[in-house]
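my_file_5.cif follows (mmCIF, C-alpha atoms):
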```cif
data_coords
loop_
_atom_site.label_atom_id
_atom_site.label_comp_id
_atom_site.auth_asym_id
_atom_site.auth_seq_id
_atom_site.Cartn_x
_atom_site.Cartn_y
_atom_site.Cartn_z
CA MET U 1 51.55 -10.27 -51.02
CA LYS U 2 51.21 -13.94 -51.93
CA LYS U 3 52.49 -16.28 -49.21
CA HIS U 4 54.03 -19.74 -49.45
CA ALA U 5 54.54 -22.65 -47.15
CA ILE U 6 58.18 -23.75 -47.24
CA THR U 7 60.32 -26.17 -45.29
CA LEU U 8 63.91 -25.39 -44.39
CA THR U 9 66.29 -27.61 -42.47
CA VAL U 10 68.25 -25.18 -40.29
CA ASN U 11 71.17 -26.53 -38.28
CA GLY U 12 69.74 -30.03 -38.63
CA GLU U 13 66.24 -29.10 -37.49
CA GLU U 14 63.33 -29.17 -39.93
CA ARG U 15 61.33 -25.93 -39.79
CA ASP U 16 58.05 -25.18 -41.57
CA LEU U 17 57.16 -21.58 -42.19
CA ILE U 18 54.94 -19.32 -44.27
CA VAL U 19 56.76 -16.57 -46.16
CA PRO U 20 55.67 -13.79 -48.50
CA SER U 21 57.15 -14.22 -52.01
CA ASN U 22 59.48 -11.26 -51.55
CA ARG U 23 60.88 -12.26 -48.14
CA THR U 24 64.64 -12.69 -48.07
CA LEU U 25 66.16 -15.79 -46.54
CA LEU U 26 67.96 -13.56 -44.02
CA ASP U 27 64.69 -12.03 -42.77
CA ALA U 28 63.10 -15.48 -42.59
CA LEU U 29 66.04 -16.84 -40.57
CA ARG U 30 66.28 -13.89 -38.18
CA ASP U 31 62.70 -12.69 -37.76
CA ASP U 32 60.62 -15.81 -38.42
CA LEU U 33 62.90 -18.50 -37.02
CA GLY U 34 65.04 -16.58 -34.51
CA TYR U 35 68.51 -17.36 -35.93
CA THR U 36 69.84 -13.90 -35.04
CA ASP U 37 73.44 -15.14 -35.28
CA THR U 38 73.08 -14.46 -39.02
CA LYS U 39 73.64 -10.70 -39.30
CA TYR U 40 72.12 -7.97 -41.44
CA GLY U 41 74.96 -5.71 -42.55
CA CYS U 42 74.56 -3.97 -45.89
CA GLY U 43 71.56 -5.79 -47.37
CA THR U 44 73.16 -5.70 -50.82
CA GLY U 45 75.57 -8.64 -50.77
CA GLU U 46 78.70 -6.57 -50.22
CA CYS U 47 79.66 -7.26 -46.61
CA GLY U 48 79.13 -10.99 -46.00
CA ALA U 49 77.69 -10.61 -42.47
CA CYS U 50 74.68 -12.69 -43.62
CA THR U 51 76.81 -15.56 -45.02
CA ILE U 52 75.26 -19.00 -44.55
CA LEU U 53 76.10 -22.51 -45.74
CA VAL U 54 73.60 -24.23 -48.06
CA ASP U 55 73.41 -27.99 -48.71
CA GLY U 56 76.87 -28.64 -47.33
CA MET U 57 79.64 -26.18 -48.01
CA THR U 58 78.21 -23.67 -50.49
CA THR U 59 78.24 -20.14 -49.06
CA ILE U 60 75.65 -17.60 -50.14
CA ASN U 61 74.42 -14.21 -48.94
CA GLY U 62 71.15 -14.61 -47.04
CA CYS U 63 70.26 -10.97 -47.72
CA LEU U 64 70.10 -11.49 -51.50
CA THR U 65 68.34 -14.85 -51.54
CA LEU U 66 64.56 -15.15 -51.66
CA ALA U 67 63.32 -17.58 -49.00
CA ALA U 68 60.66 -19.07 -51.30
CA THR U 69 63.40 -20.25 -53.69
CA MET U 70 65.12 -22.17 -50.86
CA ASN U 71 62.26 -24.59 -50.13
CA GLY U 72 63.68 -27.98 -49.14
CA LYS U 73 67.25 -26.75 -48.64
CA SER U 74 69.50 -27.49 -45.71
CA ILE U 75 71.08 -24.45 -44.07
CA THR U 76 73.87 -24.10 -41.55
CA THR U 77 74.32 -20.92 -39.51
CA ALA U 78 77.06 -20.18 -36.98
CA ALA U 79 74.71 -21.28 -34.19
CA GLY U 80 74.72 -24.78 -35.63
CA LEU U 81 78.48 -25.39 -35.54
CA ALA U 82 79.11 -26.51 -31.96
CA ARG U 83 79.04 -30.27 -31.28
CA ASN U 84 78.42 -31.82 -27.85
CA GLY U 85 79.11 -28.56 -26.08
CA HIS U 86 82.38 -27.95 -27.95
CA LEU U 87 82.87 -25.08 -30.34
CA HIS U 88 83.97 -25.80 -33.89
CA PRO U 89 87.78 -25.64 -34.33
CA VAL U 90 87.38 -22.56 -36.55
CA GLN U 91 85.40 -20.82 -33.79
CA GLU U 92 88.09 -21.77 -31.24
CA ALA U 93 90.83 -20.47 -33.55
CA PHE U 94 89.00 -17.12 -33.93
CA ILE U 95 88.71 -16.77 -30.15
CA GLU U 96 92.27 -17.80 -29.32
CA ASN U 97 93.80 -15.55 -32.00
CA ASP U 98 91.78 -12.50 -30.86
CA ALA U 99 90.24 -12.34 -34.33
CA ILE U 100 87.04 -10.89 -32.89
CA GLN U 101 86.66 -7.23 -32.00
CA CYS U 102 83.04 -6.07 -32.19
CA GLY U 103 82.01 -9.53 -33.41
CA PHE U 104 79.44 -8.46 -35.98
CA CYS U 105 81.30 -9.96 -38.95
CA THR U 106 82.39 -13.06 -37.03
CA PRO U 107 79.53 -15.49 -37.83
CA GLY U 108 79.96 -14.80 -41.55
CA MET U 109 83.77 -14.94 -41.33
CA VAL U 110 83.64 -18.28 -39.48
CA LEU U 111 81.24 -19.86 -41.98
CA LYS U 112 83.25 -18.58 -44.94
CA THR U 113 86.42 -19.94 -43.36
CA ILE U 114 84.82 -23.38 -42.90
CA SER U 115 83.85 -23.45 -46.56
CA LEU U 116 87.31 -22.22 -47.63
CA LEU U 117 89.12 -24.88 -45.57
CA ASP U 118 86.79 -27.59 -46.85
CA GLU U 119 87.84 -26.78 -50.42
CA ASN U 120 91.46 -25.96 -49.62
CA PRO U 121 92.61 -27.27 -46.20
CA ARG U 122 96.05 -25.60 -46.40
CA PRO U 123 95.50 -22.20 -48.04
CA THR U 124 98.29 -19.66 -48.53
CA GLU U 125 97.81 -16.17 -47.10
CA ALA U 126 96.88 -14.91 -50.58
CA GLU U 127 94.31 -17.70 -50.93
CA ILE U 128 92.85 -16.84 -47.52
CA ARG U 129 92.52 -13.17 -48.45
CA HIS U 130 90.95 -14.04 -51.81
CA GLY U 131 88.63 -16.57 -50.13
CA LEU U 132 87.41 -14.08 -47.52
CA GLU U 133 87.06 -11.15 -49.96
CA GLY U 134 83.27 -11.24 -49.67
CA ASN U 135 83.39 -10.63 -45.91
CA ILE U 136 84.13 -7.19 -44.53
CA CYS U 137 85.39 -6.46 -41.02
CA ARG U 138 84.89 -2.77 -40.18
CA CYS U 139 87.07 -2.99 -37.08
CA THR U 140 89.70 -3.88 -39.74
CA GLY U 141 91.11 -6.78 -37.81
CA TYR U 142 92.15 -8.61 -40.94
CA THR U 143 95.65 -9.56 -39.80
CA LYS U 144 94.28 -11.47 -36.82
CA ILE U 145 91.51 -12.98 -38.92
CA VAL U 146 94.09 -14.31 -41.40
CA GLU U 147 96.13 -15.69 -38.49
CA ALA U 148 93.00 -17.35 -37.09
CA VAL U 149 92.31 -19.02 -40.44
CA GLN U 150 95.92 -20.27 -40.60
CA ASP U 151 95.56 -21.62 -37.05
CA ALA U 152 92.20 -23.22 -37.90
CA SER U 153 93.85 -24.87 -40.91
CA ARG U 154 96.50 -26.40 -38.61
CA ARG U 155 93.83 -27.55 -36.14
CA ILE U 156 91.67 -29.18 -38.80
CA THR U 157 94.43 -30.81 -40.86
CA GLY U 158 96.20 -31.93 -37.69
CA SER U 159 93.26 -33.56 -35.99
CA ASN U 160 91.29 -35.00 -38.92
CA VAL U 161 88.23 -33.09 -37.78
CA SER U 162 86.05 -32.75 -40.82
CA ALA U 163 85.44 -29.11 -41.53
CA ILE U 164 81.79 -29.16 -40.52
CA GLY U 165 82.51 -31.18 -37.40
CA GLU U 166 80.42 -34.28 -38.00
CA MET D 1 56.25 -2.35 -53.34
CA SER D 2 54.01 -3.93 -55.92
CA GLU D 3 52.11 -7.10 -55.18
CA ILE D 4 53.28 -10.49 -56.35
CA GLU D 5 50.06 -12.34 -57.16
CA ARG D 6 51.63 -15.63 -58.15
CA TYR D 7 54.89 -17.48 -57.45
CA ILE D 8 55.82 -20.39 -59.70
CA ALA D 9 58.85 -22.66 -59.94
CA PRO D 10 58.45 -24.81 -63.06
CA ASN D 11 60.60 -27.88 -63.73
CA GLN D 12 60.05 -27.88 -67.49
CA LEU D 13 61.06 -25.25 -70.05
CA ASP D 14 57.64 -25.56 -71.77
CA ASP D 15 55.84 -24.52 -68.59
CA ALA D 16 58.20 -21.60 -68.00
CA LEU D 17 57.79 -20.31 -71.56
CA GLU D 18 54.01 -20.68 -71.41
CA ALA D 19 53.99 -18.59 -68.24
CA LEU D 20 56.16 -15.94 -69.94
CA ALA D 21 53.78 -15.86 -72.90
CA GLY D 22 50.86 -15.40 -70.52
CA GLY D 23 51.69 -12.08 -68.98
CA PRO D 24 54.08 -9.94 -66.98
CA VAL D 25 56.64 -12.11 -65.19
CA THR D 26 59.65 -11.29 -63.05
CA ILE D 27 62.26 -13.99 -63.65
CA VAL D 28 64.49 -14.96 -60.73
CA ALA D 29 67.39 -17.41 -60.38
CA GLY D 30 70.19 -16.40 -57.98
CA ALA D 31 68.52 -13.03 -57.20
CA THR D 32 71.92 -11.37 -56.65
CA ASP D 33 71.02 -8.48 -58.96
CA LEU D 34 67.23 -8.61 -58.54
CA THR D 35 67.10 -8.18 -54.75
CA PRO D 36 69.26 -5.01 -54.57
CA GLN D 37 67.36 -3.57 -57.55
CA ILE D 38 64.04 -4.17 -55.79
CA THR D 39 65.15 -2.88 -52.39
CA GLY D 40 66.87 0.09 -54.06
CA GLY D 41 63.62 1.00 -55.83
CA LYS D 42 65.08 0.55 -59.33
CA ARG D 43 62.68 -2.27 -60.19
CA VAL D 44 59.27 -3.46 -59.04
CA TYR D 45 57.98 -7.02 -59.02
CA LYS D 46 55.53 -7.97 -61.74
CA ALA D 47 52.35 -9.93 -61.00
CA THR D 48 54.08 -13.31 -61.42
CA LEU D 49 57.42 -14.18 -59.85
CA MET D 50 58.96 -17.17 -61.62
CA ASN D 51 61.88 -19.06 -60.09
CA ILE D 52 63.66 -20.72 -63.01
CA GLN D 53 66.26 -22.58 -60.92
CA HIS D 54 64.48 -25.94 -61.24
CA ILE D 55 64.10 -25.97 -65.03
CA GLU D 56 65.75 -29.10 -66.37
CA GLY D 57 68.47 -28.85 -69.00
CA LEU D 58 69.65 -25.28 -68.34
CA ASN D 59 72.50 -26.02 -65.95
CA ALA D 60 75.01 -27.93 -68.07
CA VAL D 61 78.32 -27.01 -69.71
CA THR D 62 78.89 -29.17 -72.80
CA LYS D 63 81.39 -29.42 -75.67
CA LYS D 64 80.03 -31.04 -78.80
CA ASP D 65 80.51 -30.72 -82.57
CA GLY D 66 83.00 -27.88 -82.22
CA LYS D 67 80.71 -25.78 -80.00
CA ILE D 68 80.72 -25.05 -76.28
CA ARG D 69 77.28 -24.56 -74.78
CA ILE D 70 76.79 -23.05 -71.33
CA GLY D 71 73.26 -23.28 -69.95
CA SER D 72 71.83 -20.05 -68.58
CA LEU D 73 71.55 -21.44 -65.02
CA VAL D 74 75.26 -22.28 -64.80
CA THR D 75 76.70 -20.23 -61.94
CA VAL D 76 79.81 -18.08 -62.06
CA SER D 77 81.43 -20.48 -59.55
CA GLU D 78 80.78 -23.41 -61.87
CA ILE D 79 82.48 -21.55 -64.72
CA ARG D 80 85.40 -20.62 -62.49
CA GLY D 81 86.07 -24.24 -61.57
CA ASN D 82 85.26 -25.97 -64.88
CA PRO D 83 88.40 -27.80 -66.20
CA MET D 84 87.13 -27.95 -69.80
CA LEU D 85 86.53 -24.18 -69.83
CA LYS D 86 89.96 -23.57 -68.27
CA LYS D 87 91.42 -25.35 -71.30
CA HIS D 88 89.15 -23.98 -74.03
CA GLY D 89 87.85 -20.68 -72.69
CA GLY D 90 90.36 -19.58 -70.07
CA ILE D 91 89.31 -15.93 -70.31
CA LEU D 92 85.91 -16.94 -68.89
CA CYS D 93 87.60 -18.46 -65.83
CA GLN D 94 89.80 -15.35 -65.40
CA ALA D 95 86.72 -13.11 -65.34
CA ALA D 96 84.83 -15.53 -63.08
CA ASN D 97 87.75 -15.53 -60.62
CA HIS D 98 87.43 -11.79 -60.11
CA PHE D 99 83.62 -11.67 -60.14
CA ALA D 100 82.10 -10.16 -56.96
CA SER D 101 82.67 -12.58 -54.05
CA GLU D 102 82.36 -16.33 -53.67
CA GLN D 103 78.98 -15.95 -51.96
CA ILE D 104 77.68 -14.12 -55.02
CA ARG D 105 79.51 -16.34 -57.55
CA ASN D 106 77.78 -19.37 -55.98
CA ALA D 107 74.33 -17.90 -56.67
CA ALA D 108 74.79 -15.65 -59.71
CA THR D 109 73.98 -17.25 -63.06
CA ILE D 110 75.37 -16.55 -66.51
CA GLY D 111 71.86 -15.92 -67.84
CA GLY D 112 71.22 -13.35 -65.14
CA ASN D 113 74.52 -11.55 -65.65
CA ILE D 114 73.83 -11.23 -69.38
CA CYS D 115 70.10 -10.35 -69.14
CA ASN D 116 70.79 -7.73 -66.50
CA ALA D 117 72.57 -6.01 -69.42
CA SER D 118 74.81 -3.88 -67.25
CA PRO D 119 77.47 -1.97 -69.21
CA ALA D 120 79.80 -3.22 -66.44
CA GLY D 121 78.66 -6.88 -66.49
CA ASP D 122 81.90 -8.78 -65.94
CA MET D 123 81.01 -12.08 -67.66
CA ILE D 124 79.82 -10.27 -70.78
CA ILE D 125 83.36 -9.19 -71.71
CA PRO D 126 84.89 -12.70 -72.04
CA PHE D 127 81.83 -13.94 -73.94
CA LEU D 128 82.22 -11.03 -76.41
CA VAL D 129 85.90 -11.95 -76.81
CA LEU D 130 84.91 -15.56 -77.52
CA GLY D 131 82.42 -14.43 -80.18
CA ALA D 132 79.49 -15.99 -78.30
CA ALA D 133 75.82 -15.96 -79.23
CA VAL D 134 72.86 -16.30 -76.90
CA GLU D 135 69.95 -18.68 -77.43
CA LEU D 136 66.52 -17.21 -76.71
CA ALA D 137 63.46 -19.44 -76.37
CA ARG D 138 59.74 -18.61 -76.41
CA TRP D 139 56.42 -20.38 -76.61
CA GLN D 140 54.90 -20.09 -80.10
CA ASP D 141 52.10 -22.16 -81.66
CA ASP D 142 52.20 -24.73 -78.84
CA ARG D 143 55.90 -25.41 -79.16
CA ILE D 144 59.30 -24.02 -78.22
CA GLU D 145 60.70 -21.59 -80.77
CA THR D 146 64.36 -20.63 -80.42
CA ARG D 147 66.54 -18.01 -82.05
CA SER D 148 70.22 -17.22 -81.79
CA VAL D 149 71.49 -13.65 -81.34
CA PRO D 150 75.20 -12.74 -81.50
CA LEU D 151 76.08 -11.25 -78.12
CA ASP D 152 77.49 -8.10 -79.73
CA GLU D 153 74.01 -7.44 -81.18
CA PHE D 154 72.11 -8.35 -77.99
CA PHE D 155 72.45 -5.18 -75.90
CA THR D 156 70.56 -1.99 -76.77
CA GLY D 157 71.32 0.15 -73.71
CA PRO D 158 71.85 0.04 -69.95
CA GLY D 159 69.57 -2.77 -68.67
CA ARG D 160 68.09 -3.24 -72.14
CA SER D 161 68.45 -5.93 -74.79
CA VAL D 162 66.71 -7.30 -77.86
CA ALA D 163 65.17 -10.12 -75.76
CA ARG D 164 61.37 -9.92 -75.86
CA ASP D 165 59.30 -10.08 -72.67
CA ASP D 166 58.15 -13.59 -73.58
CA GLU D 167 61.68 -14.88 -74.25
CA LEU D 168 63.98 -16.73 -71.87
CA LEU D 169 67.74 -16.87 -72.37
CA THR D 170 68.49 -20.60 -72.33
CA ALA D 171 72.19 -20.84 -73.25
CA VAL D 172 75.35 -19.06 -74.36
CA ILE D 173 77.15 -20.77 -77.23
CA PHE D 174 80.55 -20.24 -78.88
CA ASP D 175 82.90 -22.10 -81.21
CA VAL D 176 85.64 -24.10 -79.48
CA PRO D 177 88.63 -21.75 -79.85
CA PRO D 178 91.60 -23.11 -81.84
CA GLU D 179 94.64 -24.53 -80.03
CA ASN D 180 96.70 -21.36 -80.49
CA SER D 181 94.04 -19.04 -79.13
CA ILE D 182 94.80 -16.70 -76.24
CA GLY D 183 92.58 -14.55 -74.06
CA PHE D 184 93.20 -12.05 -71.28
CA PHE D 185 90.79 -10.19 -68.99
CA ARG D 186 91.47 -7.22 -66.73
CA LYS D 187 89.21 -5.06 -64.60
CA SER D 188 89.73 -2.11 -62.33
CA GLY D 189 88.01 -0.66 -59.34
CA PRO D 190 88.75 0.69 -55.90
CA ARG D 191 88.64 -2.71 -54.17
CA PRO D 192 89.83 -6.11 -55.41
CA ALA D 193 86.54 -7.78 -54.46
CA LEU D 194 82.90 -6.94 -55.01
CA GLU D 195 83.58 -3.90 -57.07
CA ILE D 196 81.51 -2.78 -59.97
CA SER D 197 84.17 -2.34 -62.62
CA THR D 198 85.41 1.18 -63.27
CA VAL D 199 86.50 -0.27 -66.58
CA SER D 200 87.00 -3.83 -67.80
CA ILE D 201 88.69 -5.16 -70.88
CA GLY D 202 89.18 -8.46 -72.66
CA ILE D 203 91.46 -9.26 -75.59
CA GLY D 204 91.58 -12.56 -77.45
CA GLY D 205 92.52 -14.12 -80.74
CA ASP D 206 94.70 -16.69 -82.44
CA PHE D 207 98.35 -16.08 -81.66
CA SER D 208 101.28 -17.67 -83.44
CA ASP D 209 104.75 -16.49 -84.46
CA GLY D 210 104.12 -13.22 -82.64
CA THR D 211 101.09 -12.41 -84.79
CA LEU D 212 97.46 -11.97 -83.72
CA LYS D 213 94.63 -13.05 -86.00
CA ASN D 214 90.84 -13.16 -85.57
CA VAL D 215 91.28 -10.57 -82.85
CA ARG D 216 88.35 -9.67 -80.64
CA VAL D 217 88.51 -6.85 -78.11
CA ALA D 218 85.72 -5.97 -75.67
CA PHE D 219 85.33 -3.12 -73.19
CA GLY D 220 83.03 -2.78 -70.17
CA ALA D 221 81.74 0.28 -68.29
CA VAL D 222 82.87 2.69 -71.02
CA GLY D 223 79.62 3.10 -72.96
CA PRO D 224 75.86 2.45 -72.70
CA THR D 225 76.52 -1.28 -73.19
CA ALA D 226 79.51 -3.58 -73.03
CA LEU D 227 81.03 -3.16 -76.49
CA ARG D 228 83.43 -4.55 -79.08
CA GLY D 229 86.50 -2.40 -79.77
CA LYS D 230 86.39 -2.37 -83.55
CA LEU D 231 89.16 0.23 -84.05
CA THR D 232 91.43 -1.65 -81.64
CA GLU D 233 90.69 -4.92 -83.42
CA ALA D 234 91.58 -3.31 -86.78
CA ALA D 235 94.82 -1.94 -85.31
CA LEU D 236 95.84 -5.47 -84.27
CA GLU D 237 94.44 -7.81 -86.92
CA GLY D 238 97.21 -9.72 -88.69
CA LYS D 239 99.91 -7.58 -87.10
CA THR D 240 103.10 -8.86 -85.53
CA LEU D 241 103.03 -7.49 -82.00
CA ASN D 242 105.76 -4.96 -81.24
CA GLN D 243 105.80 -1.75 -79.21
CA ASP D 244 104.67 0.37 -82.19
CA VAL D 245 101.65 -1.86 -82.84
CA ILE D 246 100.81 -1.96 -79.12
CA GLN D 247 100.96 1.85 -78.84
CA ALA D 248 98.74 2.21 -81.93
CA ALA D 249 96.23 -0.25 -80.45
CA ALA D 250 96.20 1.64 -77.12
CA LEU D 251 95.46 4.85 -79.02
CA ALA D 252 92.69 3.14 -81.01
CA ALA D 253 91.21 1.78 -77.77
CA ARG D 254 90.83 5.31 -76.39
CA GLN D 255 88.92 6.20 -79.56
CA ASP D 256 86.70 3.12 -79.33
CA VAL D 257 85.16 4.06 -76.01
CA SER D 258 82.64 6.71 -74.97
CA PRO D 259 82.56 6.65 -71.18
CA ILE D 260 80.69 9.02 -68.88
CA ASP D 261 81.53 10.82 -65.64
CA ASP D 262 79.79 9.10 -62.75
CA ILE D 263 80.19 8.27 -59.09
CA ARG D 264 82.83 5.62 -59.83
CA ALA D 265 85.18 7.51 -62.17
CA THR D 266 85.49 10.38 -64.62
CA LYS D 267 85.30 10.09 -68.38
CA TRP D 268 88.94 11.19 -68.58
CA TYR D 269 90.14 8.53 -66.12
CA ARG D 270 88.17 5.73 -67.77
CA THR D 271 89.55 6.65 -71.21
CA HIS D 272 93.06 6.77 -69.77
CA LEU D 273 92.67 3.38 -68.06
CA ILE D 274 91.42 1.73 -71.25
CA GLY D 275 94.64 2.77 -73.00
CA VAL D 276 96.81 1.58 -70.11
CA PHE D 277 95.02 -1.77 -69.85
CA THR D 278 95.12 -2.36 -73.60
CA GLU D 279 98.89 -1.89 -73.49
CA GLU D 280 99.22 -4.10 -70.41
CA LEU D 281 97.17 -6.98 -71.84
CA LEU D 282 99.02 -6.88 -75.16
CA ASN D 283 102.32 -7.06 -73.29
CA ASN D 284 100.87 -10.12 -71.51
CA VAL D 285 100.09 -11.63 -74.92
CA CYS D 286 103.73 -11.06 -76.01
CA GLN D 287 105.01 -12.79 -72.88
CA ASN D 288 102.53 -15.68 -73.23
#
```
Write out the structure in this file as structure tokens.
Amino acid sequence: MKKHAITLTVNGEERDLIVPSNRTLLDALRDDLGYTDTKYGCGTGECGACTILVDGMTTINGCLTLAATMNGKSITTAAGLARNGHLHPVQEAFIENDAIQCGFCTPGMVLKTISLLDENPRPTEAEIRHGLEGNICRCTGYTKIVEAVQDASRRITGSNVSAIGE
Amino acid sequence: MSEIERYIAPNQLDDALEALAGGPVTIVAGATDLTPQITGGKRVYKATLMNIQHIEGLNAVTKKDGKIRIGSLVTVSEIRGNPMLKKHGGILCQAANHFASEQIRNAATIGGNICNASPAGDMIIPFLVLGAAVELARWQDDRIETRSVPLDEFFTGPGRSVARDDELLTAVIFDVPPENSIGFFRKSGPRPALEISTVSIGIGGDFSDGTLKNVRVAFGAVGPTALRGKLTEAALEGKTLNQDVIQAAALAARQDVSPIDDIRATKWYRTHLIGVFTEELLNNVCQN
């Protein structure tokens, strides 16, 4: 398989790597670069466990994306959200609202929530459910997840923290 | 897994078309259909993998001289949020709003959704209702040669179309609909998000004084390709909408379709749903 040198900026850090043409971005992040906070769930774009932010606030599924096509892009994973030892307000809201059971969907849910609140800082419950439709929780803790997003909305709009925290 | 011998990411259409003319190429943009097809063993990579995302001029939505042109690299998210399309092609935004998930909408392109030629392709239905044509480009005699194919003549079967191996879909084009035009889209499946439609339907036309003209009806997932509902269109054309006309159209719709039994639904259920949805959308038109 043909290999390519690409550069990705992951959580603010520039990383050079060599990838085969068919390598997914998710495999490159987890297995080549060690960002195991990005999860492999279904591998077909249905569950959202592999959600990442690209060039700001655009969410995509890492499992569907070919790494070679992402050369030069800036990527944020859940591991890149904390600032100066403090978790992101969305992460805090998920913890304090018990919106985490097994935790496998949480990195994707948190990133999707950040992108949702960036576009719509005060979403209705229906807008939250529509916004998170690409992320599945198999513990089915959706009620608490919705409550966490509502709480995160209050934290962010109340404190003028920009959604990405910088 | 077959070997990819070459990966290219051209910036210019000329270079992309020359590569297509030169041999077997797998085209990739958002990869939202390609990756599951490869990992599921339904497709193998060809010798050249060409990323078309950087080609200039294929990512714009423009309105000019009575035509709306949507470049093939425009994503479903961009359609969903485009104010001009909301005004002049609202049925596209309705379909985009219920397309997969936001993560997929952000990556999936219009060109990919059409070229994948799924009978259940959700963006195909509104484009059929709008009477769209696709623009295909290829490299011929050292220059770009383009042709236009009406979308309702583009598909030849599941995953198949009239596009040649050396052609690239560069745009989808349709006439700016008149002021009194309406359009409604509806799909069904077991889950509101990320479902592959059990059936989908779009109805559009010019609507004034309770009467529909220039009606176009399209159905998805009820035949080997997405299709126009010619009997339903005939049952509606020029008619003043009332319950008798709506019932006749719902009956015609059931005759227009030829669904199959598969893992997602039975032939009987799909045929039934098409009738129900036809009735529902026409009632929406009346209340519009």
Near chain D, meaning an atom within 6 Å, which residues of chain U appear when counting all atoms listed in the file? Write them as a count of residues only. 10
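Residues in contact with U:Ala5 at 7 Å, where only C-alpha atoms are counted and same-chain residues fewer than 6 positions away are skipped, are listed as Leu17, Ile18 and Val19 of chain U.
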Residues from last step as file, C-alpha atoms, as a short mmCIF file (atom, residue, chain, number, x, y, z; two decimals), keeping the file's coordinate frame:
```cif
data_model
loop_
_atom_site.label_atom_id
_atom_site.label_comp_id
_atom_site.auth_asym_id
_atom_site.auth_seq_id
_atom_site.Cartn_x
_atom_site.Cartn_y
_atom_site.Cartn_z
CA LEU U 17 57.16 -21.58 -42.19
CA ILE U 18 54.94 -19.32 -44.27
CA VAL U 19 56.76 -16.57 -46.16
#
```
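Here the PyMOL selection byres ((chain D and resi 252) around 12) captures the residues Val217, Gly229, Lys230, Leu231, Thr232, Glu233, Ala234, Ala235, Leu236, Val245, Ile246, Gln247, Ala248, Ala249, Ala250, Leu251, Ala253, Arg254, Gln255, Asp256, Val257, Thr271, His272, Ile274, Gly275, Val276, Thr278 and Glu279 of chain D.
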Mind pulling up the distance from atom CA of D:Phe207 to atom CA of D:Ser181? 5.8 Å
What do you get, as an MDAnalysis selection string, if you spell out every residue that the PyMOL selection byres ((chain D and resi 220) around 7) selects here? chainID D and resid 119:120 125 199:201 218:219 221:222 226:227
Residues matched by the PyMOL selection byres ((chain U and resi 111) around 9) as a list of chain:residue names: U:Thr51, U:Ile52, U:Leu53, U:Met57, U:Thr59, U:Thr76, U:Thr77, U:Ala78, U:Leu81, U:Val90, U:Thr106, U:Pro107, U:Gly108, U:Met109, U:Val110, U:Lys112, U:Thr113, U:Ile114, U:Ser115, U:Leu116
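Relative to atom CA of U:Glu119, atom CA of D:Ile114 is found at 28.2 Å.
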Excluding U:Val146 and residues on its chain fewer than 3 positions from it, collect all residues at most 9 Å away from it, counting only C-alpha atoms, and give them as a count of residues only. 10
Distance of atom CA of D:Asp122 from atom CA of D:Leu168, expressed in Å to one decimal place: 20.5 Å
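With distances restricted to only C-alpha atoms, D:Leu169 is the closest residue to D:Gly111 from D:Ile260, D:Ile144, D:Leu169, D:Leu92.
Of the listed residues (U:Ala79, U:Asn84, U:Ile95, U:Glu13), U:Ala79 comes nearest to U:Thr36; the distances count only C-alpha atoms.
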Which residues, written as a PyMOL selection string, have at least one atom at most 6 Å from D:Glu167, with all atoms listed in the file counted and residues fewer than 4 positions away on the same chain left out? chain D and resi 136-138
